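Engineer: Just so it is clear, I am handing over target05.cif, which has mmCIF, C-alpha atoms and all ligand atoms.
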data_start
#
loop_
_atom_site.label_atom_id
_atom_site.label_comp_id
_atom_site.auth_asym_id
_atom_site.auth_seq_id
_atom_site.Cartn_x
_atom_site.Cartn_y
_atom_site.Cartn_z
CA MET A 1 196.50 69.15 81.04
CA VAL A 2 194.25 72.02 80.00
CA TYR A 3 194.63 75.55 81.34
CA SER A 4 192.23 78.45 81.40
CA ILE A 5 192.72 82.18 81.66
CA ALA A 6 189.56 84.20 82.34
CA ILE A 7 189.52 87.88 81.40
CA ASP A 8 186.48 89.90 82.42
CA GLY A 9 185.82 93.58 82.32
CA PRO A 10 183.68 96.36 80.89
CA ALA A 11 183.23 97.20 77.20
CA GLY A 12 186.26 98.71 75.52
CA ALA A 13 188.88 97.79 78.13
CA GLY A 14 190.90 95.96 75.47
CA LYS A 15 189.93 92.44 76.50
CA SER A 16 189.73 90.90 73.04
CA THR A 17 192.96 92.43 71.68
CA ILE A 18 194.83 91.33 74.78
CA ALA A 19 193.21 87.90 75.08
CA LYS A 20 194.00 87.17 71.43
CA LYS A 21 197.68 88.04 71.88
CA ILE A 22 198.00 85.96 75.04
CA ALA A 23 196.32 82.98 73.34
CA LYS A 24 198.72 83.23 70.41
CA GLU A 25 201.78 83.46 72.64
CA LEU A 26 200.74 80.51 74.83
CA GLY A 27 199.24 78.40 72.02
CA PHE A 28 195.78 78.45 73.59
CA ILE A 29 192.42 78.94 71.89
CA TYR A 30 190.91 82.41 72.22
CA VAL A 31 187.19 82.33 73.04
CA ASP A 32 185.31 85.62 72.59
CA THR A 33 182.10 84.98 74.54
CA GLY A 34 180.67 88.43 73.74
CA ALA A 35 180.54 87.38 70.07
CA MET A 36 178.32 84.42 71.02
CA TYR A 37 175.86 86.68 72.85
CA ARG A 38 176.02 89.06 69.89
CA ALA A 39 175.00 86.24 67.51
CA VAL A 40 171.97 85.48 69.69
CA ALA A 41 171.05 89.18 69.77
CA LEU A 42 171.33 89.30 65.98
CA TYR A 43 168.90 86.39 65.72
CA LEU A 44 166.43 88.21 68.00
CA MET A 45 166.76 91.45 66.00
CA ARG A 46 166.22 89.64 62.71
CA ASN A 47 163.11 87.99 64.14
CA HIS A 48 161.80 91.21 65.75
CA ILE A 49 161.97 89.79 69.28
CA GLN A 50 162.58 92.31 72.07
CA ALA A 51 164.95 91.65 74.97
CA GLU A 52 162.02 91.67 77.43
CA GLU A 53 159.91 89.07 75.58
CA SER A 54 160.97 86.13 77.70
CA THR A 55 158.43 83.62 76.36
CA LYS A 56 159.47 84.30 72.79
CA ILE A 57 163.11 84.08 73.86
CA VAL A 58 162.58 80.59 75.35
CA GLU A 59 161.11 79.50 72.00
CA ALA A 60 163.93 81.21 70.12
CA CYS A 61 166.55 79.45 72.27
CA ASN A 62 165.23 76.11 70.99
CA LYS A 63 165.73 77.27 67.43
CA ILE A 64 169.14 78.88 67.84
CA ASN A 65 172.30 76.93 67.28
CA VAL A 66 175.51 78.86 67.96
CA SER A 67 178.91 77.31 67.45
CA ILE A 68 182.40 78.60 66.84
CA GLU A 69 185.09 77.77 64.33
CA TYR A 70 188.56 79.13 63.70
CA VAL A 71 189.82 80.39 60.34
CA ASP A 72 193.49 81.49 60.37
CA GLY A 73 193.26 81.69 64.15
CA GLU A 74 190.26 84.07 64.03
CA GLN A 75 187.10 82.99 65.83
CA GLN A 76 184.08 82.72 63.54
CA VAL A 77 180.60 82.59 65.06
CA ILE A 78 178.19 80.31 63.27
CA LEU A 79 174.49 81.01 63.81
CA ASN A 80 172.27 78.24 62.42
CA GLY A 81 174.86 77.40 59.79
CA GLU A 82 175.60 81.03 58.80
CA ASN A 83 178.90 82.75 59.56
CA VAL A 84 177.67 85.99 61.17
CA ASN A 85 181.03 87.59 62.02
CA GLY A 86 180.38 90.38 59.53
CA PHE A 87 177.10 91.42 61.18
CA ILE A 88 177.70 91.41 64.92
CA ARG A 89 180.15 94.27 65.51
CA THR A 90 177.82 97.27 65.18
CA GLU A 91 176.91 99.55 68.11
CA GLU A 92 173.26 98.63 67.55
CA VAL A 93 173.95 94.92 67.99
CA GLY A 94 176.18 95.76 70.99
CA MET A 95 173.38 97.58 72.81
CA MET A 96 170.85 94.85 71.99
CA THR A 97 173.33 92.23 73.20
CA SER A 98 173.79 94.01 76.51
CA ALA A 99 169.98 94.04 76.94
CA SER A 100 169.26 90.49 75.77
CA SER A 101 172.16 88.88 77.63
CA LYS A 102 170.29 89.60 80.88
CA ASN A 103 168.03 86.71 79.94
CA LYS A 104 168.82 83.57 81.94
CA ASP A 105 167.78 81.11 79.21
CA ILE A 106 170.19 82.70 76.78
CA ARG A 107 172.96 82.71 79.37
CA MET A 108 172.50 79.04 80.33
CA LYS A 109 172.74 78.04 76.69
CA MET A 110 175.92 80.05 76.09
CA VAL A 111 177.56 79.00 79.36
CA GLU A 112 177.14 75.32 78.47
CA LEU A 113 178.94 75.84 75.18
CA GLN A 114 181.68 77.91 76.84
CA ARG A 115 182.35 75.26 79.49
CA GLU A 116 182.47 72.53 76.84
CA LEU A 117 185.11 74.49 74.93
CA ALA A 118 187.23 75.04 78.05
CA ASN A 119 187.02 71.35 78.98
CA LYS A 120 188.48 70.28 75.67
CA GLN A 121 191.43 72.64 75.27
CA SER A 122 193.44 75.38 76.96
CA VAL A 123 191.62 78.68 76.55
CA VAL A 124 191.89 82.38 77.06
CA MET A 125 188.24 83.31 77.44
CA ASP A 126 186.98 86.87 77.71
CA GLY A 127 183.60 88.18 78.75
CA ARG A 128 181.76 89.54 81.76
CA ASP A 129 181.17 86.49 83.98
CA ILE A 130 183.97 84.10 83.08
CA GLY A 131 185.87 84.25 86.40
CA THR A 132 182.74 84.60 88.51
CA TYR A 133 180.44 82.07 86.88
CA VAL A 134 181.55 80.23 83.74
CA LEU A 135 184.99 79.03 84.88
CA PRO A 136 185.14 79.50 88.66
CA ASN A 137 188.27 77.32 88.78
CA ALA A 138 190.18 79.14 86.05
CA ASP A 139 193.96 79.06 86.55
CA VAL A 140 194.18 82.82 86.18
CA LYS A 141 191.43 85.41 86.58
CA ILE A 142 191.91 88.96 85.40
CA TYR A 143 189.55 91.89 85.79
CA LEU A 144 190.65 94.25 83.04
CA THR A 145 189.36 97.79 83.14
CA ALA A 146 190.16 101.36 82.08
CA SER A 147 188.49 104.70 82.70
CA SER A 148 185.34 105.34 80.66
CA SER A 149 186.96 108.36 79.00
CA GLU A 150 189.98 106.32 77.91
CA ARG A 151 187.72 103.50 76.66
CA ALA A 152 185.67 106.05 74.69
CA ARG A 153 188.83 107.59 73.25
CA ARG A 154 190.07 104.18 72.05
CA ARG A 155 186.70 103.36 70.47
CA TYR A 156 186.63 106.79 68.79
CA VAL A 157 190.08 106.24 67.28
CA GLU A 158 189.07 102.76 66.10
CA LEU A 159 185.81 103.95 64.47
CA THR A 160 187.41 107.04 62.92
CA ALA A 161 190.12 104.86 61.39
CA LYS A 162 187.35 102.83 59.76
CA GLY A 163 185.91 106.04 58.31
CA VAL A 164 182.90 106.10 60.67
CA THR A 165 181.84 109.62 61.75
CA CYS A 166 181.26 109.60 65.50
CA ASN A 167 181.21 111.71 68.61
CA MET A 168 183.41 110.89 71.59
CA GLU A 169 180.94 112.15 74.20
CA GLU A 170 178.15 110.02 72.71
CA ILE A 171 180.45 107.00 72.74
CA GLU A 172 181.32 107.57 76.41
CA LYS A 173 177.63 107.91 77.29
CA ASP A 174 176.88 104.56 75.57
CA ILE A 175 179.82 102.92 77.34
CA ILE A 176 178.60 104.11 80.74
CA ALA A 177 175.04 102.92 79.97
CA ARG A 178 176.31 99.51 78.86
CA ASP A 179 178.54 99.17 81.97
CA HIS A 180 175.55 99.95 84.16
CA GLN A 181 173.35 97.43 82.36
CA ASP A 182 176.01 94.68 82.50
CA MET A 183 176.83 95.31 86.18
CA SER A 184 173.29 95.62 87.48
CA ARG A 185 171.61 92.60 85.93
CA GLU A 186 170.36 89.95 88.31
CA PHE A 187 171.99 86.83 86.92
CA ALA A 188 175.79 86.63 86.55
CA PRO A 189 176.45 90.39 86.42
CA LEU A 190 179.80 91.90 85.54
CA ARG A 191 181.93 92.14 88.66
CA GLN A 192 185.45 91.39 89.74
CA ALA A 193 185.81 87.88 91.15
CA GLU A 194 187.27 87.83 94.66
CA ASP A 195 190.32 85.94 93.43
CA ALA A 196 190.82 87.99 90.26
CA THR A 197 193.74 90.35 89.70
CA LEU A 198 192.68 93.88 88.83
CA VAL A 199 194.51 95.34 85.84
CA ASP A 200 193.78 98.96 84.91
CA SER A 201 194.95 99.45 81.33
CA SER A 202 194.27 103.23 81.20
CA ASN A 203 197.96 104.07 81.20
CA MET A 204 199.39 100.81 79.90
CA THR A 205 200.31 99.66 76.40
CA ILE A 206 198.78 96.48 75.01
CA ASP A 207 202.11 94.66 75.30
CA GLU A 208 202.54 95.73 78.92
CA VAL A 209 199.15 94.25 79.78
CA VAL A 210 199.87 91.06 77.79
CA ASN A 211 203.22 90.60 79.55
CA GLU A 212 201.74 91.21 82.98
CA ILE A 213 199.04 88.56 82.44
CA ILE A 214 201.48 86.02 81.01
CA THR A 215 203.75 86.54 84.02
CA ILE A 216 200.79 85.95 86.35
CA PHE A 217 199.94 82.77 84.43
CA GLN A 218 203.53 81.48 84.56
CA LYS A 219 203.75 82.12 88.30
CA SER A 220 200.39 80.40 88.85
CA HIS A 221 201.67 76.98 87.85
CA SER A 222 205.42 77.11 88.51
O1 LIG A 301 182.38 91.99 74.89
P1 LIG A 301 181.28 92.48 73.96
O2 LIG A 301 181.22 93.98 73.81
O3 LIG A 301 181.31 91.78 72.65
O4 LIG A 301 179.91 92.04 74.69
C1 LIG A 301 178.65 92.44 74.23
C2 LIG A 301 177.64 92.29 75.35
O5 LIG A 301 177.45 90.91 75.64
C3 LIG A 301 177.99 92.93 76.67
O6 LIG A 301 177.50 94.26 76.77
C4 LIG A 301 177.37 92.03 77.71
C5 LIG A 301 177.22 90.71 77.02
N1 LIG A 301 178.13 89.69 77.52
C6 LIG A 301 177.74 89.01 78.64
O7 LIG A 301 176.71 89.32 79.22
N2 LIG A 301 178.53 88.00 79.11
C7 LIG A 301 179.67 87.67 78.49
N3 LIG A 301 180.39 86.65 78.99
C8 LIG A 301 180.09 88.37 77.36
C9 LIG A 301 179.30 89.40 76.89
#
Give the structure from the file, written as structure tokens.
Ligand code: DC
Structural biologist:
Amino acid sequence: MVYSIAIDGPAGAGKSTIAKKIAKELGFIYVDTGAMYRAVALYLMRNHIQAEESTKIVEACNKINVSIEYVDGEQQVILNGENVNGFIRTEEVGMMTSASSKNKDIRMKMVELQRELANKQSVVMDGRDIGTYVLPNADVKIYLTASSSERARRRYVELTAKGVTCNMEEIEKDIIARDHQDMSREFAPLRQAEDATLVDSSNMTIDEVVNEIITIFQKSHS
């Protein structure tokens, strides 16, 4: 029996931290779908292809091979044989990813891989369209959000801890722009699935969110 937990929500809501913890606790695989779209965006950037160049993107899709592996429980994204984990976490790649992931050819390719993964093993999968499109029959669907100011504050703390100089207002502006782009695209936009549970993490600790979702999962199949 394989189970799936879908966690969708805007950038910076804590999806990956929370999904990783839940996966560890339940013994499931954590699938970070954003990282897959980031790898594709990195390929486009390296090959000077813009998000709007759909003909070039179709060609690129035939040349791109994205797969994932796990090292010490950490997801590694492999782009044409290269582990690109070290290159995909920048703000620049994040903005390009939000723009290029509007492309349907890219999405179809990634969705196929995501469904294959979820067919083979129990997963906690996070992204933007997991509950609405990728895994419409997921056992649990969560829409995880937080206010844009709280999401900006968390990102600011994270970047500052890494020694990156940044400005909280700028970060919040980028977050709002990315939310808008992800929610307004035509194909599989970010939205709460009708049967998803809304969790607002603005005033919750990570462990509180993790426990709430695990409780929902346990109730779902008891
Ligand atoms: O979760 P993240 O910040 O790594 O995602 C980067 C971008 O990828 C996000 O702005 C939108 C896109 N994305 C998507 O369109 N669908 C997904 N399932 C995951 C991410």
Engineer: From the set A:Met125, A:Ile49, A:Met108, A:Ile22, which residue has the shortest atom-to-atom contact distance to A:Val209, counting all atoms listed in the file?
Structural biologist: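 Residue with the minimum atom-to-atom distance to A:Val209: A:Ile22.
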Engineer: List all protein, DNA and RNA residues that have at least one atom no more than 7 Å from any atom of ligand LIG 301 (chain A), counting all atoms listed in the file, and write them as number ranges by chain.
Structural biologist: A: 11, 33-35, 37-38, 94-95, 97-98, 101-102, 126-130, 178, 182
Engineer: Would you mind reading off the distance between atom CA of A:Gly73 and atom CA of A:Arg46, one decimal, in Å?
Structural biologist: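 Pair atom CA of A:Gly73 / atom CA of A:Arg46 returns 28.2 Å.
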Engineer: Go through A:Ser148, A:Ser220, A:Asn167, A:Glu158 and flag the residue nearest A:Pro10, using all atoms listed in the file for the distances.
Structural biologist: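 Of all the options, A:Ser148 lies closest to A:Pro10.
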Engineer: Under the rule that only C-alpha atoms are counted, which of A:Asn65, A:Thr197, A:Ser149, A:Gln76 is the nearest residue to A:Phe217?
Structural biologist: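 Ranked by minimum distance to A:Phe217, first place goes to A:Thr197.
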Engineer: Of the candidates A:Val31, A:Met45, A:Leu144, A:Leu26, which shows the shortest atom-to-atom distance to A:Ile68, using all atoms listed in the file?
Structural biologist: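 Among A:Val31, A:Met45, A:Leu144, A:Leu26, it is A:Val31 that comes nearest to A:Ile68.
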Engineer: Identify, on the basis of only C-alpha atoms, every residue whose closest approach to A:Lys141 does not exceed 7 Å; exclude the query and any residue fewer than 2 positions from it along the same chain; express the result as a compact mmCIF listing (two decimals) with C-alpha atoms, in the frame of the given file.
Structural biologist:
# COMPACT_ATOMS: atom_id res chain seq x y z
CA ILE A 5 192.72 82.18 81.66
CA ALA A 6 189.56 84.20 82.34
CA ILE A 7 189.52 87.88 81.40
CA GLY A 131 185.87 84.25 86.40
CA ALA A 138 190.18 79.14 86.05
CA ASP A 139 193.96 79.06 86.55
CA TYR A 143 189.55 91.89 85.79
CA ASP A 195 190.32 85.94 93.43
CA ALA A 196 190.82 87.99 90.26
CA THR A 197 193.74 90.35 89.70
Engineer: Excluding A:Asn119 and its own-chain neighbours fewer than 2 positions away, which residues fall within 12 Å of it when counting all atoms listed in the file? Please give them as an MDAnalysis selection string.
Structural biologist: chainID A and resid 1:4 29 112:117 121:123 134:135 137:138
Engineer: For atom CA of A:Ala13 and atom CA of A:Thr145, determine how far apart the two atoms are, in Å to one decimal place.
Structural biologist: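 Computing it gives 5.0 Å between the two atoms.
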Engineer: Per residue of stretch 93-194 of chain A within 7 Å of stretch 51-62 of chain A, note the shortest atom pair and the distance in Å to one decimal, counting all atoms listed in the file, and order the rows by chain and increasing residue number, as a tab-separated table.
Structural biologist:
residue	atom	partner	partner_atom	distance
A:Ala99	CA	A:Ala51	CA	5.9
A:Ser100	CA	A:Ala51	CA	4.5
A:Asp105	CA	A:Val58	CA	6.5
A:Ile106	CA	A:Cys61	CA	6.6
Engineer: Just want the 7 Å neighbourhood of A:Ala152, counted on all atoms listed in the file, with same-chain residues fewer than 2 positions away dropped. Output as a ChimeraX atom specification.
Structural biologist: /A:148-150,154-156,168,171-172
Engineer: Would you output that residue set with C-alpha atoms, as a short mmCIF file (atom, residue, chain, number, x, y, z; two decimals), in the coordinates of the input?
Structural biologist:
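Below is the file that was written, result.cif:
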data_model
loop_
_atom_site.label_atom_id
_atom_site.label_comp_id
_atom_site.auth_asym_id
_atom_site.auth_seq_id
_atom_site.Cartn_x
_atom_site.Cartn_y
_atom_site.Cartn_z
CA SER A 148 185.34 105.34 80.66
CA SER A 149 186.96 108.36 79.00
CA GLU A 150 189.98 106.32 77.91
CA ARG A 154 190.07 104.18 72.05
CA ARG A 155 186.70 103.36 70.47
CA TYR A 156 186.63 106.79 68.79
CA MET A 168 183.41 110.89 71.59
CA ILE A 171 180.45 107.00 72.74
CA GLU A 172 181.32 107.57 76.41
#
Engineer: Rounded to one decimal, what separation in Å do you get between atom CA of A:Gln192 and atom CA of A:Ile142?
Structural biologist: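 A separation of 8.2 Å between them.
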Engineer: Using only C-alpha atoms, list the residues that have an atom at most 7 Å from (173.3, 82.3, 84.3), coordinates as in the file, as a VMD selection string.
Structural biologist: chain A and resid 104 107 to 108 187 to 188
Engineer: Just checking: using all atoms listed in the file, which residue out of A:Met96, A:Asn203, A:Val124, A:Leu79 ends up closest to A:Ile18?
Structural biologist: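 Among A:Met96, A:Asn203, A:Val124, A:Leu79, it is A:Val124 that comes nearest to A:Ile18.
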Engineer: Can you work out which one of A:Gln50, A:Leu44, A:Glu74, A:Met183 has the shortest atom-to-atom distance to A:Asp32, counting only C-alpha atoms?
Structural biologist: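 Answer, going by the shortest atom-to-atom distance: A:Glu74.
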Engineer: Might I get the box with edges along x, y and z of the file that holds all atoms of stretch 32-49 of chain A listed there, padded by 8 Å on every side, given as centre and edge lengths in Å to one decimal, as JSON?
Structural biologist:
{"center_x": 173.6, "center_y": 87.9, "center_z": 68.6, "size_x": 39.5, "size_y": 23.0, "size_z": 27.8}
